[in-house]
Every structure is written in structure tokens, then in C-alpha cells.
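Below is the file entry_39.pdb, which contains PDB, C-alpha atoms.
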```
ATOM      1  CA  MET L   1      -6.043  91.285 -30.291
ATOM      2  CA  THR L   2      -6.147  93.870 -27.508
ATOM      3  CA  ARG L   3      -6.566  97.536 -28.260
ATOM      4  CA  ALA L   4      -3.098  98.229 -26.855
ATOM      5  CA  ARG L   5      -1.517  95.745 -29.277
ATOM      6  CA  THR L   6      -3.525  97.140 -32.165
ATOM      7  CA  PHE L   7      -2.412 100.649 -31.235
ATOM      8  CA  GLY L   8       1.179  99.460 -30.897
ATOM      9  CA  PHE L   9       1.120  97.875 -34.342
ATOM     10  CA  ALA L  10      -0.409 101.029 -35.827
ATOM     11  CA  VAL L  11       2.305 103.221 -34.276
ATOM     12  CA  TRP L  12       5.026 100.807 -35.442
ATOM     13  CA  ASP L  13       3.614 100.795 -38.975
ATOM     14  CA  PHE L  14       3.272 104.585 -38.987
ATOM     15  CA  ILE L  15       6.814 105.282 -37.806
ATOM     16  CA  VAL L  16       8.836 102.366 -39.168
ATOM     17  CA  GLY L  17       6.735 101.707 -42.282
ATOM     18  CA  ASP L  18       7.444  98.740 -44.503
ATOM     19  CA  ASP L  19      11.242  98.728 -44.222
ATOM     20  CA  TRP L  20      12.369  98.142 -40.641
ATOM     21  CA  ARG L  21      15.990  97.709 -41.734
ATOM     22  CA  THR L  22      16.179 101.380 -42.732
ATOM     23  CA  ALA L  23      14.829 102.432 -39.332
ATOM     24  CA  ILE L  24      17.395 100.255 -37.553
ATOM     25  CA  GLY L  25      20.129 101.618 -39.827
ATOM     26  CA  VAL L  26      19.206 105.219 -38.995
ATOM     27  CA  ALA L  27      19.263 104.423 -35.262
ATOM     28  CA  LEU L  28      22.687 102.739 -35.560
ATOM     29  CA  ALA L  29      24.097 105.637 -37.601
ATOM     30  CA  LEU L  30      22.912 108.133 -34.974
ATOM     31  CA  ALA L  31      24.438 105.981 -32.224
ATOM     32  CA  LEU L  32      27.762 105.819 -34.078
ATOM     33  CA  THR L  33      27.678 109.603 -34.570
ATOM     34  CA  ALA L  34      27.047 110.110 -30.848
ATOM     35  CA  LEU L  35      29.835 107.679 -29.951
ATOM     36  CA  LEU L  36      32.425 109.355 -32.201
ATOM     37  CA  ALA L  37      31.367 112.837 -31.052
ATOM     38  CA  ALA L  38      31.626 111.753 -27.409
ATOM     39  CA  VAL L  39      35.264 110.704 -27.833
ATOM     40  CA  GLY L  40      36.100 113.901 -29.687
ATOM     41  CA  ILE L  41      36.265 112.576 -33.261
ATOM     42  CA  SER L  42      34.645 114.585 -36.058
ATOM     43  CA  ALA L  43      31.425 112.679 -36.827
ATOM     44  CA  TRP L  44      29.390 114.795 -39.262
ATOM     45  CA  TRP L  45      30.271 112.485 -42.193
ATOM     46  CA  VAL L  46      28.560 109.434 -40.678
ATOM     47  CA  MET L  47      24.993 110.453 -41.482
ATOM     48  CA  PRO L  48      25.542 111.344 -45.184
ATOM     49  CA  LEU L  49      27.296 108.013 -45.748
ATOM     50  CA  ALA L  50      24.562 106.172 -43.874
ATOM     51  CA  VAL L  51      21.803 107.894 -45.851
ATOM     52  CA  VAL L  52      23.326 107.022 -49.223
ATOM     53  CA  GLY L  53      23.957 103.418 -48.140
ATOM     54  CA  LEU L  54      20.567 102.874 -46.509
ATOM     55  CA  LEU L  55      18.695 104.404 -49.449
ATOM     56  CA  ALA L  56      20.599 102.282 -51.965
ATOM     57  CA  LEU L  57      19.997  99.080 -49.986
ATOM     58  CA  SER L  58      16.326  99.886 -49.441
ATOM     59  CA  ILE L  59      15.812 100.549 -53.152
ATOM     60  CA  ARG L  60      17.631  97.366 -54.081
ATOM     61  CA  ARG L  61      15.413  95.307 -51.769
ATOM     62  CA  ALA L  62      12.266  96.979 -53.108
ATOM     63  CA  ALA L  63      13.340  96.558 -56.746
ATOM     64  CA  ARG L  64      14.084  92.870 -56.147
ATOM     65  CA  GLY L  65      10.711  92.466 -54.458
ATOM     66  CA  ALA L  66       8.995  94.139 -57.401
ATOM     67  CA  SER L  67      10.792  91.880 -59.904
ATOM     68  CA  ARG L  68       9.847  88.756 -57.906
ATOM     69  CA  GLY L  69       6.247  89.930 -57.642
ATOM     70  CA  GLY L  70       6.162  90.717 -61.359
TER
ATOM     71  CA  MET V  71      12.997 134.553 -42.799
ATOM     72  CA  SER V  72      16.108 132.324 -42.531
ATOM     73  CA  GLY V  73      17.009 129.535 -44.943
ATOM     74  CA  ALA V  74      16.015 126.889 -42.394
ATOM     75  CA  GLU V  75      12.627 128.587 -41.926
ATOM     76  CA  ILE V  76      12.074 128.710 -45.672
ATOM     77  CA  GLY V  77      13.000 125.022 -45.846
ATOM     78  CA  LEU V  78      10.571 124.268 -43.041
ATOM     79  CA  ALA V  79       7.712 126.162 -44.685
ATOM     80  CA  LEU V  80       8.404 124.685 -48.130
ATOM     81  CA  SER V  81       8.653 121.092 -46.851
ATOM     82  CA  VAL V  82       5.446 121.338 -44.851
ATOM     83  CA  PHE V  83       3.628 123.104 -47.717
ATOM     84  CA  LEU V  84       4.580 120.431 -50.264
ATOM     85  CA  ALA V  85       3.872 117.487 -47.963
ATOM     86  CA  CYS V  86       0.542 118.931 -46.947
ATOM     87  CA  ALA V  87      -0.432 119.788 -50.532
ATOM     88  CA  VAL V  88       0.226 116.208 -51.698
ATOM     89  CA  GLU V  89      -1.815 114.701 -48.876
ATOM     90  CA  ALA V  90      -4.569 117.300 -49.346
ATOM     91  CA  VAL V  91      -4.866 116.398 -53.034
ATOM     92  CA  GLU V  92      -5.382 112.743 -52.077
ATOM     93  CA  ALA V  93      -7.886 113.593 -49.328
ATOM     94  CA  LEU V  94      -9.759 115.927 -51.700
ATOM     95  CA  THR V  95     -10.269 113.067 -54.167
ATOM     96  CA  ILE V  96     -11.925 110.927 -51.482
ATOM     97  CA  VAL V  97     -14.127 113.765 -50.218
ATOM     98  CA  LEU V  98     -15.165 114.705 -53.771
ATOM     99  CA  ALA V  99     -16.127 111.099 -54.503
ATOM    100  CA  VAL V 100     -18.323 110.536 -51.432
ATOM    101  CA  GLY V 101     -19.655 114.090 -51.450
ATOM    102  CA  SER V 102     -20.820 114.046 -55.054
ATOM    103  CA  THR V 103     -22.164 110.470 -54.842
ATOM    104  CA  ARG V 104     -23.726 110.435 -51.371
ATOM    105  CA  SER V 105     -24.105 113.592 -49.310
ATOM    106  CA  TRP V 106     -22.095 116.790 -49.295
ATOM    107  CA  SER V 107     -23.248 117.797 -45.811
ATOM    108  CA  SER V 108     -22.267 114.455 -44.246
ATOM    109  CA  ALA V 109     -18.934 114.370 -46.125
ATOM    110  CA  MET V 110     -18.146 117.901 -44.949
ATOM    111  CA  GLY V 111     -19.091 116.852 -41.425
ATOM    112  CA  GLY V 112     -16.504 114.071 -41.667
ATOM    113  CA  VAL V 113     -13.902 116.545 -42.948
ATOM    114  CA  GLY V 114     -14.634 118.941 -40.087
ATOM    115  CA  ALA V 115     -14.367 116.201 -37.467
ATOM    116  CA  ALA V 116     -11.059 114.982 -38.904
ATOM    117  CA  VAL V 117      -9.590 118.501 -39.069
ATOM    118  CA  LEU V 118     -10.666 119.061 -35.458
ATOM    119  CA  ALA V 119      -8.950 115.820 -34.401
ATOM    120  CA  LEU V 120      -5.755 116.882 -36.216
ATOM    121  CA  VAL V 121      -5.782 120.334 -34.582
ATOM    122  CA  VAL V 122      -6.169 118.677 -31.166
ATOM    123  CA  ILE V 123      -3.231 116.339 -31.903
ATOM    124  CA  VAL V 124      -0.959 119.239 -32.934
ATOM    125  CA  ALA V 125      -2.096 121.459 -30.052
ATOM    126  CA  ALA V 126      -1.606 118.692 -27.487
ATOM    127  CA  LEU V 127       1.732 117.316 -28.661
ATOM    128  CA  GLY V 128       3.332 120.584 -29.849
ATOM    129  CA  PRO V 129       4.034 122.084 -26.397
ATOM    130  CA  ALA V 130       5.158 118.680 -25.066
ATOM    131  CA  LEU V 131       7.728 118.345 -27.859
ATOM    132  CA  THR V 132       9.022 121.907 -27.579
ATOM    133  CA  SER V 133       9.619 121.404 -23.845
ATOM    134  CA  LEU V 134      12.229 118.674 -24.529
ATOM    135  CA  PRO V 135      15.951 119.616 -24.284
ATOM    136  CA  ILE V 136      17.166 120.731 -27.721
ATOM    137  CA  GLY V 137      19.742 117.918 -28.041
ATOM    138  CA  VAL V 138      17.202 115.197 -27.253
ATOM    139  CA  LEU V 139      14.616 116.845 -29.493
ATOM    140  CA  ARG V 140      17.020 117.089 -32.436
ATOM    141  CA  VAL V 141      18.233 113.507 -32.304
ATOM    142  CA  LEU V 142      14.660 112.211 -31.827
ATOM    143  CA  VAL V 143      13.103 114.417 -34.490
ATOM    144  CA  GLY V 144      16.068 114.066 -36.841
ATOM    145  CA  GLY V 145      15.904 110.288 -36.640
ATOM    146  CA  LEU V 146      12.161 110.154 -37.205
ATOM    147  CA  LEU V 147      12.273 112.672 -40.062
ATOM    148  CA  LEU V 148      15.079 110.707 -41.681
ATOM    149  CA  ILE V 149      13.142 107.428 -41.450
ATOM    150  CA  PHE V 150      10.085 109.160 -42.926
ATOM    151  CA  GLY V 151      12.105 110.967 -45.580
ATOM    152  CA  LEU V 152      13.924 107.837 -46.748
ATOM    153  CA  GLN V 153      10.590 106.051 -47.154
ATOM    154  CA  TRP V 154       9.107 108.910 -49.186
ATOM    155  CA  LEU V 155      12.274 109.129 -51.257
ATOM    156  CA  ARG V 156      12.493 105.374 -51.887
ATOM    157  CA  LYS V 157       8.912 105.243 -53.159
ATOM    158  CA  ALA V 158       9.373 108.369 -55.276
ATOM    159  CA  ILE V 159      12.541 106.861 -56.826
ATOM    160  CA  LEU V 160      10.739 103.569 -57.528
ATOM    161  CA  ARG V 161       7.859 105.487 -59.147
ATOM    162  CA  ALA V 162      10.250 107.601 -61.202
ATOM    163  CA  ALA V 163      11.962 104.401 -62.385
ATOM    164  CA  GLY V 164       8.619 102.797 -63.254
ATOM    165  CA  LEU V 165       8.894 100.067 -60.620
ATOM    166  CA  LYS V 166       5.972 101.329 -58.573
ATOM    167  CA  ALA V 167       2.639 102.540 -59.875
ATOM    168  CA  LYS V 168       2.122 106.282 -59.836
ATOM    169  CA  HIS V 169      -0.855 107.536 -57.914
ATOM    170  CA  ASP V 170      -3.795 108.095 -60.246
ATOM    171  CA  GLU V 171      -6.350 110.492 -58.744
ATOM    172  CA  LEU V 172      -8.925 109.847 -61.499
ATOM    173  CA  GLN V 173      -8.781 106.103 -60.906
ATOM    174  CA  THR V 174      -9.051 106.582 -57.139
ATOM    175  CA  PHE V 175     -12.025 108.910 -57.702
ATOM    176  CA  ASN V 176     -13.768 106.356 -59.927
ATOM    177  CA  GLU V 177     -13.181 103.520 -57.449
ATOM    178  CA  GLU V 178     -14.388 105.600 -54.516
ATOM    179  CA  THR V 179     -17.447 106.682 -56.498
ATOM    180  CA  GLN V 180     -18.311 103.077 -57.366
ATOM    181  CA  ALA V 181     -17.847 101.949 -53.760
ATOM    182  CA  ALA V 182     -19.998 104.843 -52.512
ATOM    183  CA  SER V 183     -22.756 104.051 -55.017
ATOM    184  CA  ALA V 184     -22.739 100.381 -54.044
ATOM    185  CA  ALA V 185     -22.880 101.072 -50.289
ATOM    186  CA  THR V 186     -26.150 100.852 -48.370
ATOM    187  CA  THR V 187     -28.528 103.705 -49.108
ATOM    188  CA  ARG V 188     -28.967 106.136 -46.235
ATOM    189  CA  ARG V 189     -32.286 106.187 -44.433
ATOM    190  CA  SER V 190     -32.231 109.621 -42.816
ATOM    191  CA  GLY V 191     -30.667 113.003 -43.534
ATOM    192  CA  PHE V 192     -27.313 112.006 -42.046
ATOM    193  CA  ASP V 193     -25.216 109.710 -44.254
ATOM    194  CA  GLY V 194     -22.902 107.688 -42.004
ATOM    195  CA  TYR V 195     -21.015 106.209 -44.968
ATOM    196  CA  ALA V 196     -20.098 109.610 -46.422
ATOM    197  CA  PHE V 197     -19.162 110.938 -42.977
ATOM    198  CA  THR V 198     -16.970 107.931 -42.108
ATOM    199  CA  ILE V 199     -15.142 107.716 -45.445
ATOM    200  CA  ALA V 200     -14.459 111.464 -45.511
ATOM    201  CA  PHE V 201     -13.348 111.384 -41.856
ATOM    202  CA  LYS V 202     -11.003 108.420 -42.417
ATOM    203  CA  GLY V 203      -9.601 109.845 -45.644
ATOM    204  CA  VAL V 204      -8.777 113.250 -44.171
ATOM    205  CA  LEU V 205      -7.502 111.844 -40.858
ATOM    206  CA  LEU V 206      -5.228 109.225 -42.460
ATOM    207  CA  GLU V 207      -3.756 111.706 -44.930
ATOM    208  CA  GLY V 208      -3.563 114.390 -42.258
ATOM    209  CA  ILE V 209      -1.785 112.448 -39.517
ATOM    210  CA  GLU V 210       1.431 112.268 -41.503
ATOM    211  CA  VAL V 211       1.234 116.005 -42.173
ATOM    212  CA  ALA V 212       0.509 116.681 -38.493
ATOM    213  CA  PHE V 213       3.621 114.663 -37.650
ATOM    214  CA  ILE V 214       5.733 116.693 -40.086
ATOM    215  CA  VAL V 215       4.267 119.978 -38.788
ATOM    216  CA  LEU V 216       5.031 118.943 -35.217
ATOM    217  CA  THR V 217       8.552 117.667 -35.762
ATOM    218  CA  PHE V 218       9.727 120.420 -38.113
ATOM    219  CA  GLY V 219       7.961 123.116 -36.101
ATOM    220  CA  ALA V 220       9.081 121.936 -32.666
ATOM    221  CA  ASN V 221      12.697 121.555 -33.750
ATOM    222  CA  GLN V 222      12.883 125.166 -34.877
ATOM    223  CA  HIS V 223      10.401 126.390 -32.267
ATOM    224  CA  HIS V 224       8.139 127.461 -35.126
ATOM    225  CA  VAL V 225       5.093 125.211 -34.812
ATOM    226  CA  ALA V 226       2.947 128.217 -35.770
ATOM    227  CA  LEU V 227       4.917 128.759 -39.022
ATOM    228  CA  ALA V 228       4.680 125.058 -39.870
ATOM    229  CA  ALA V 229       0.944 125.030 -39.123
ATOM    230  CA  ALA V 230       0.466 128.158 -41.261
ATOM    231  CA  ALA V 231       2.294 126.533 -44.195
ATOM    232  CA  ALA V 232       0.107 123.434 -43.829
ATOM    233  CA  GLY V 233      -3.051 125.556 -43.637
ATOM    234  CA  LEU V 234      -2.017 127.527 -46.733
ATOM    235  CA  ALA V 235      -1.455 124.287 -48.667
ATOM    236  CA  VAL V 236      -4.925 123.030 -47.715
ATOM    237  CA  LEU V 237      -6.506 126.330 -48.797
ATOM    238  CA  VAL V 238      -4.689 126.271 -52.152
ATOM    239  CA  VAL V 239      -5.783 122.681 -52.813
ATOM    240  CA  ILE V 240      -9.398 123.398 -51.797
ATOM    241  CA  ALA V 241      -9.456 126.504 -54.022
ATOM    242  CA  ALA V 242      -8.092 124.473 -56.939
ATOM    243  CA  GLY V 243     -10.637 121.712 -56.266
ATOM    244  CA  VAL V 244     -13.520 124.189 -56.200
ATOM    245  CA  ALA V 245     -12.225 125.830 -59.391
ATOM    246  CA  VAL V 246     -11.964 122.641 -61.440
ATOM    247  CA  ARG V 247     -14.788 120.735 -59.633
ATOM    248  CA  ALA V 248     -12.895 117.487 -60.211
ATOM    249  CA  PRO V 249      -9.996 115.477 -58.773
ATOM    250  CA  LEU V 250      -6.682 117.283 -59.198
ATOM    251  CA  ALA V 251      -5.272 114.654 -61.543
ATOM    252  CA  ARG V 252      -2.754 116.990 -63.166
ATOM    253  CA  VAL V 253      -0.876 117.851 -59.999
ATOM    254  CA  PRO V 254       2.683 116.441 -60.331
ATOM    255  CA  GLU V 255       2.330 114.316 -57.190
ATOM    256  CA  ASN V 256       5.437 112.190 -57.725
ATOM    257  CA  THR V 257       7.639 115.231 -58.256
ATOM    258  CA  MET V 258       6.227 116.803 -55.097
ATOM    259  CA  LYS V 259       6.738 113.585 -53.127
ATOM    260  CA  PHE V 260      10.304 113.419 -54.456
ATOM    261  CA  ALA V 261      10.914 116.970 -53.217
ATOM    262  CA  VAL V 262       9.374 116.228 -49.805
ATOM    263  CA  GLY V 263      11.512 113.086 -49.484
ATOM    264  CA  VAL V 264      14.657 115.116 -50.253
ATOM    265  CA  MET V 265      13.756 117.820 -47.719
ATOM    266  CA  LEU V 266      12.768 115.426 -44.921
ATOM    267  CA  SER V 267      15.911 113.321 -45.444
ATOM    268  CA  SER V 268      18.170 116.386 -45.571
ATOM    269  CA  PHE V 269      16.781 118.100 -42.476
ATOM    270  CA  GLY V 270      16.535 114.759 -40.650
ATOM    271  CA  MET V 271      20.198 114.042 -41.383
ATOM    272  CA  PHE V 272      21.254 117.550 -40.352
ATOM    273  CA  TRP V 273      19.312 117.691 -37.079
ATOM    274  CA  GLY V 274      19.958 114.056 -36.187
ATOM    275  CA  ALA V 275      23.729 114.479 -36.463
ATOM    276  CA  GLU V 276      23.650 117.779 -34.525
ATOM    277  CA  GLY V 277      21.512 116.219 -31.803
ATOM    278  CA  ALA V 278      23.958 113.323 -31.541
ATOM    279  CA  GLY V 279      26.765 115.798 -30.899
ATOM    280  CA  ALA V 280      28.356 116.250 -34.342
ATOM    281  CA  SER V 281      29.213 119.674 -35.735
ATOM    282  CA  TRP V 282      28.569 120.318 -39.417
ATOM    283  CA  PRO V 283      31.242 122.202 -41.351
ATOM    284  CA  GLY V 284      29.799 125.656 -41.939
ATOM    285  CA  GLY V 285      27.040 125.249 -39.343
ATOM    286  CA  ASP V 286      23.547 125.877 -40.734
ATOM    287  CA  GLY V 287      25.179 126.686 -44.081
ATOM    288  CA  ALA V 288      25.845 122.959 -44.502
ATOM    289  CA  LEU V 289      22.189 122.598 -45.489
ATOM    290  CA  LEU V 290      23.051 124.438 -48.710
ATOM    291  CA  ALA V 291      25.223 121.444 -49.620
ATOM    292  CA  ILE V 292      23.143 118.699 -47.981
ATOM    293  CA  VAL V 293      19.837 119.420 -49.788
ATOM    294  CA  PRO V 294      21.316 119.535 -53.338
ATOM    295  CA  GLY V 295      23.544 116.565 -52.447
ATOM    296  CA  VAL V 296      20.600 114.397 -51.417
ATOM    297  CA  LEU V 297      18.694 115.537 -54.509
ATOM    298  CA  LEU V 298      21.585 114.601 -56.805
ATOM    299  CA  VAL V 299      21.993 111.169 -55.186
ATOM    300  CA  ALA V 300      18.259 110.477 -55.445
ATOM    301  CA  VAL V 301      18.064 111.568 -59.100
ATOM    302  CA  ALA V 302      21.126 109.464 -59.939
ATOM    303  CA  MET V 303      19.568 106.420 -58.240
ATOM    304  CA  ALA V 304      16.277 106.933 -60.098
ATOM    305  CA  LYS V 305      18.102 107.169 -63.445
ATOM    306  CA  ALA V 306      20.272 104.131 -62.739
ATOM    307  CA  LEU V 307      17.248 102.109 -61.639
ATOM    308  CA  SER V 308      15.252 103.251 -64.647
ATOM    309  CA  ARG V 309      17.991 102.097 -67.029
ATOM    310  CA  SER V 310      18.299  98.702 -65.362
ATOM    311  CA  ALA V 311      14.555  98.066 -64.954
ATOM    312  CA  HIS V 312      13.030  95.545 -67.331
ATOM    313  CA  PRO V 313      10.021  97.019 -69.208
ATOM    314  CA  ALA V 314       7.856  94.076 -68.125
ATOM    315  CA  LEU V 315       8.319  95.097 -64.495
ATOM    316  CA  VAL V 316       6.820  98.537 -64.984
ATOM    317  CA  GLU V 317       3.592  98.736 -63.017
ATOM    318  CA  GLN V 318       0.406 100.276 -64.315
ATOM    319  CA  PRO V 319      -1.273 102.993 -62.214
ATOM    320  CA  GLN V 320      -3.305 101.575 -59.388
ATOM    321  CA  SER V 321      -4.905 102.857 -56.242
ATOM    322  CA  THR V 322      -6.400 101.631 -53.023
ATOM    323  CA  PRO V 323      -9.779 103.105 -52.053
ATOM    324  CA  THR V 324      -9.819 104.907 -48.664
ATOM    325  CA  ASP V 325      -6.198 103.984 -48.041
ATOM    326  CA  THR V 326      -4.165 106.312 -50.185
ATOM    327  CA  SER V 327      -1.365 106.529 -47.662
ATOM    328  CA  ASP V 328       2.068 106.833 -49.146
ATOM    329  CA  ARG V 329       3.364 104.175 -46.795
ATOM    330  CA  THR V 330       2.255 101.113 -48.736
ATOM    331  CA  ALA V 331       4.726  98.376 -49.583
ATOM    332  CA  VAL V 332       5.965  98.034 -53.131
ATOM    333  CA  GLY V 333       3.905  95.580 -55.054
ATOM    334  CA  THR V 334       1.062  95.575 -52.539
TER
END
```
Once you've parsed the file, please lay out its structure as C-alpha cells.
Amino acid sequence: MTRARTFGFAVWDFIVGDDWRTAIGVALALALTALLAAVGISAWWVMPLAVVGLLALSIRRAARGASRGG
Amino acid sequence: MSGAEIGLALSVFLACAVEAVEALTIVLAVGSTRSWSSAMGGVGAAVLALVVIVAALGPALTSLPIGVLRVLVGGLLLIFGLQWLRKAILRAAGLKAKHDELQTFNEETQAASAATTRRSGFDGYAFTIAFKGVLLEGIEVAFIVLTFGANQHHVALAAAAAGLAVLVVIAAGVAVRAPLARVPENTMKFAVGVMLSSFGMFWGAEGAGASWPGGDGALLAIVPGVLLVAVAMAKALSRSAHPALVEQPQSTPTDTSDRTAVGT
């Protein structure tokens, strides 16, 4: 593996961590906020909803993983 | 000092204190088993590397337009915060092992004793393990210092809070001459997760163009709101968790990062 790939993997692991779905969810929520704000619709509520939903889903996945792993 | 500045200083202080406690355990283990001078050399080299990272990236970040900076930093802080919070909730519910500094210390001590004996005055093993331990724990703190500090144009305040946390932990370590096993690490990680998620949500939405009701005052509702949601999730998960699933404390020598997958 090249050093660049190793570095890339390290950066990915550092920023995204072990739950890439949460990172994607945060990016999508920010994009939706920007989209709504751009067309003049109040968008502050998007992020709180996204945070609660993403956290709940992430915990559910982790709890299921823990129960499968024993 | 404004509420946002207090939040910044408190978040950085807590995050840095938690990581410093974990780094201290590693340094204590290799220092007491192998060589204090080489271990301290590793600590010095790692701190120097962290200072260079903050000094190099700080001005670059603060030069970004505020909108871009807020959406970038908000998003990253939110991703970080949700990971800290998820693991803290799983630990609180008993589904993830709590960090045990005494166990980590014992494992590091055994590994250090078993490693090749040094031939000269300089102990490469002690230097490398101390360097890795401090650098790995410190990079996450450097990231938090940079993002929080740059967003509020207070990198110096964030760095001061981080430095104060390190000094407090070192003073406590010198006083007790043992790993700081009684520090409520999970509670502190819970608090850091709440703060990172709250500020990440606030700045991310502002950077994306949204306006919070009440402006900066919205943080007074966001922080307690995130805390309440997280506590409720921990309690609900705790009630539903089967006792057989509860993990016993475990640790991973030289890799005490908080970003390890559940069950690994």
C-alpha cells in the first residue's frame, strides 16, 4: 500500500470514524439546510431533527452489533 | 467572556483533560518500567509536533470565509460529537466497556517489561510508546482546539484551555504518582459529546445559511436539549439491554483512542 493511500485511510478513519452513515447523514442534513435557506424557507429545524435521528440510528446499529458479538 | 467563549473553553478543557488522562497512563507505565528520560523525550517530541500542527493549520483555517468555515467546522464537529456521544451512551448503558486506566497501566507495564532491554542510555521503546501515546491522544484535541478556536477566532483561548487541562492532569498525576483511575472519564466524554454536537449543529446550520431563533441565545436551548436527548437514550438503552450483553472493562495498549468500534 502506498504512503498516500495509508495517509488517506488514516484521515478517513480519523474524521469519519467507524460509522460512515452518520457522516453521510450530517452532510445531507447540511445540504438540505443550505437548500431550504437558499429558497427562503426557515431551515434551522433541520439540524436538530437530523441529530436526534442520526444518533438514534447509530446507537441502534451499535447496540445490535454488540448483541450479535455477545 | 461570552457564553460561546465559555462553551469553547469548557469543551476544549474537558476533551483535553480526558485525552491527557489516557496519555498520562501510557507515559507513567513506560516511564516507571523503562526510562523516565526517554519517555519524557517522547512526550516532548509529541507536544512539539502538536504545537506545529496547531500553529500551521490555525492561520489557514481562520483565513477561510466565515460561512465556509462554519459549515465545514460545524459538520466536522458534529460528526466527531455524535461519535463521542454514541460511545458515551453505549458505555452508560453498559453495552460498551468503560475505559479502565488501571488495567491499561498494567497492560502497558507488562508490555514494557517484556520488550527488548535497552543497550545504551537512550531507550527507544519508552520514547516511541510515549511519543505515540501522546500524539494519538493529542491529535483529536488539536483538531478540537483548531476547529473551535478558528470558528470563534479564539485559537489562543482554545489553546490556553487545552494547556490548562494538561497542567491540571500532570499536577494530579504527580500528586498521586499513579494512573488517574478515579477520574469520571465517561461522564466527561458524555459532556464533550454534548458540547461538540451542540456547537457543531449550531455552526453548521448557520454556515449553511439558516438563522437560529434568538441568535446565539439558541445555544442555551440546544445544549440542554442535546443533553436531555442523550440521557433519555442512555436510560432507554440501559433498560432494554440484556445483562449478558454488558461488557467488562477492557483496554487496548498504546491505542486508547476513543474512536474504536463497539465490540472491537
List the residues selected by the ChimeraX specification (/V :<9) & /L in the file shown, writing them as a ChimeraX atom specification.
/L:13-19,22-23,26-27,29-38,41-48,51-52,54-56,58-60,62-63,65-67,69-70
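Using all atoms listed in the file, the shortest contact distance between Glu255 of chain V and any of V:Val225, V:Leu297, V:Val88, V:Ala181 is found at V:Val88.
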Please enumerate the residues selected by the PyMOL selection byres ((chain V and resi 95-107) around 7) when evaluated against the supplied file, formatted as a PyMOL selection string.
chain V and resi 91-94+108-111+171+175+178-179+182-183+193+196+200+203+249+324
Which residues would end up in the selection if the PyMOL selection byres ((chain V and resi 115-129) around 12) were applied here, given that I need the answer as a ChimeraX atom specification?
/V:90,93,97,108-114,130-134,139,197-226,228-229,232-233,236
Please dump the current selection as a PDB file, in the frame of the given file; keep C-alpha atoms.
```pdb
ATOM      1  CA  ALA V  90      -4.569 117.300 -49.346  1.00  0.00           C
ATOM      2  CA  ALA V  93      -7.886 113.593 -49.328  1.00  0.00           C
ATOM      3  CA  VAL V  97     -14.127 113.765 -50.218  1.00  0.00           C
ATOM      4  CA  SER V 108     -22.267 114.455 -44.246  1.00  0.00           C
ATOM      5  CA  ALA V 109     -18.934 114.370 -46.125  1.00  0.00           C
ATOM      6  CA  MET V 110     -18.146 117.901 -44.949  1.00  0.00           C
ATOM      7  CA  GLY V 111     -19.091 116.852 -41.425  1.00  0.00           C
ATOM      8  CA  GLY V 112     -16.504 114.071 -41.667  1.00  0.00           C
ATOM      9  CA  VAL V 113     -13.902 116.545 -42.948  1.00  0.00           C
ATOM     10  CA  GLY V 114     -14.634 118.941 -40.087  1.00  0.00           C
ATOM     11  CA  ALA V 130       5.158 118.680 -25.066  1.00  0.00           C
ATOM     12  CA  LEU V 131       7.728 118.345 -27.859  1.00  0.00           C
ATOM     13  CA  THR V 132       9.022 121.907 -27.579  1.00  0.00           C
ATOM     14  CA  SER V 133       9.619 121.404 -23.845  1.00  0.00           C
ATOM     15  CA  LEU V 134      12.229 118.674 -24.529  1.00  0.00           C
ATOM     16  CA  LEU V 139      14.616 116.845 -29.493  1.00  0.00           C
ATOM     17  CA  PHE V 197     -19.162 110.938 -42.977  1.00  0.00           C
ATOM     18  CA  THR V 198     -16.970 107.931 -42.108  1.00  0.00           C
ATOM     19  CA  ILE V 199     -15.142 107.716 -45.445  1.00  0.00           C
ATOM     20  CA  ALA V 200     -14.459 111.464 -45.511  1.00  0.00           C
ATOM     21  CA  PHE V 201     -13.348 111.384 -41.856  1.00  0.00           C
ATOM     22  CA  LYS V 202     -11.003 108.420 -42.417  1.00  0.00           C
ATOM     23  CA  GLY V 203      -9.601 109.845 -45.644  1.00  0.00           C
ATOM     24  CA  VAL V 204      -8.777 113.250 -44.171  1.00  0.00           C
ATOM     25  CA  LEU V 205      -7.502 111.844 -40.858  1.00  0.00           C
ATOM     26  CA  LEU V 206      -5.228 109.225 -42.460  1.00  0.00           C
ATOM     27  CA  GLU V 207      -3.756 111.706 -44.930  1.00  0.00           C
ATOM     28  CA  GLY V 208      -3.563 114.390 -42.258  1.00  0.00           C
ATOM     29  CA  ILE V 209      -1.785 112.448 -39.517  1.00  0.00           C
ATOM     30  CA  GLU V 210       1.431 112.268 -41.503  1.00  0.00           C
ATOM     31  CA  VAL V 211       1.234 116.005 -42.173  1.00  0.00           C
ATOM     32  CA  ALA V 212       0.509 116.681 -38.493  1.00  0.00           C
ATOM     33  CA  PHE V 213       3.621 114.663 -37.650  1.00  0.00           C
ATOM     34  CA  ILE V 214       5.733 116.693 -40.086  1.00  0.00           C
ATOM     35  CA  VAL V 215       4.267 119.978 -38.788  1.00  0.00           C
ATOM     36  CA  LEU V 216       5.031 118.943 -35.217  1.00  0.00           C
ATOM     37  CA  THR V 217       8.552 117.667 -35.762  1.00  0.00           C
ATOM     38  CA  PHE V 218       9.727 120.420 -38.113  1.00  0.00           C
ATOM     39  CA  GLY V 219       7.961 123.116 -36.101  1.00  0.00           C
ATOM     40  CA  ALA V 220       9.081 121.936 -32.666  1.00  0.00           C
ATOM     41  CA  ASN V 221      12.697 121.555 -33.750  1.00  0.00           C
ATOM     42  CA  GLN V 222      12.883 125.166 -34.877  1.00  0.00           C
ATOM     43  CA  HIS V 223      10.401 126.390 -32.267  1.00  0.00           C
ATOM     44  CA  HIS V 224       8.139 127.461 -35.126  1.00  0.00           C
ATOM     45  CA  VAL V 225       5.093 125.211 -34.812  1.00  0.00           C
ATOM     46  CA  ALA V 226       2.947 128.217 -35.770  1.00  0.00           C
ATOM     47  CA  ALA V 228       4.680 125.058 -39.870  1.00  0.00           C
ATOM     48  CA  ALA V 229       0.944 125.030 -39.123  1.00  0.00           C
ATOM     49  CA  ALA V 232       0.107 123.434 -43.829  1.00  0.00           C
ATOM     50  CA  GLY V 233      -3.051 125.556 -43.637  1.00  0.00           C
ATOM     51  CA  VAL V 236      -4.925 123.030 -47.715  1.00  0.00           C
TER      52      VAL V 236
END
```
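Reported to one decimal place, the separation of atom CA of Lys259 of chain V from atom CA of Ala230 of chain V is 19.8 Å.
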What does the distance from atom CA of Phe260 of chain V to atom CA of Asn176 of chain V come to in Å, to one decimal?
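Result for atom CA of Phe260 of chain V versus atom CA of Asn176 of chain V: 25.7 Å, one decimal.
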Which of these, V:Glu177, V:Val262, V:Arg161, V:Ala185, has the shortest distance to Val82 of chain V once you count only C-alpha atoms?
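Closest to Val82 of chain V, using only C-alpha atoms: V:Val262.
What separates atom CA of Pro294 of chain V from atom CA of Pro254 of chain V is a distance of 20.1 Å.
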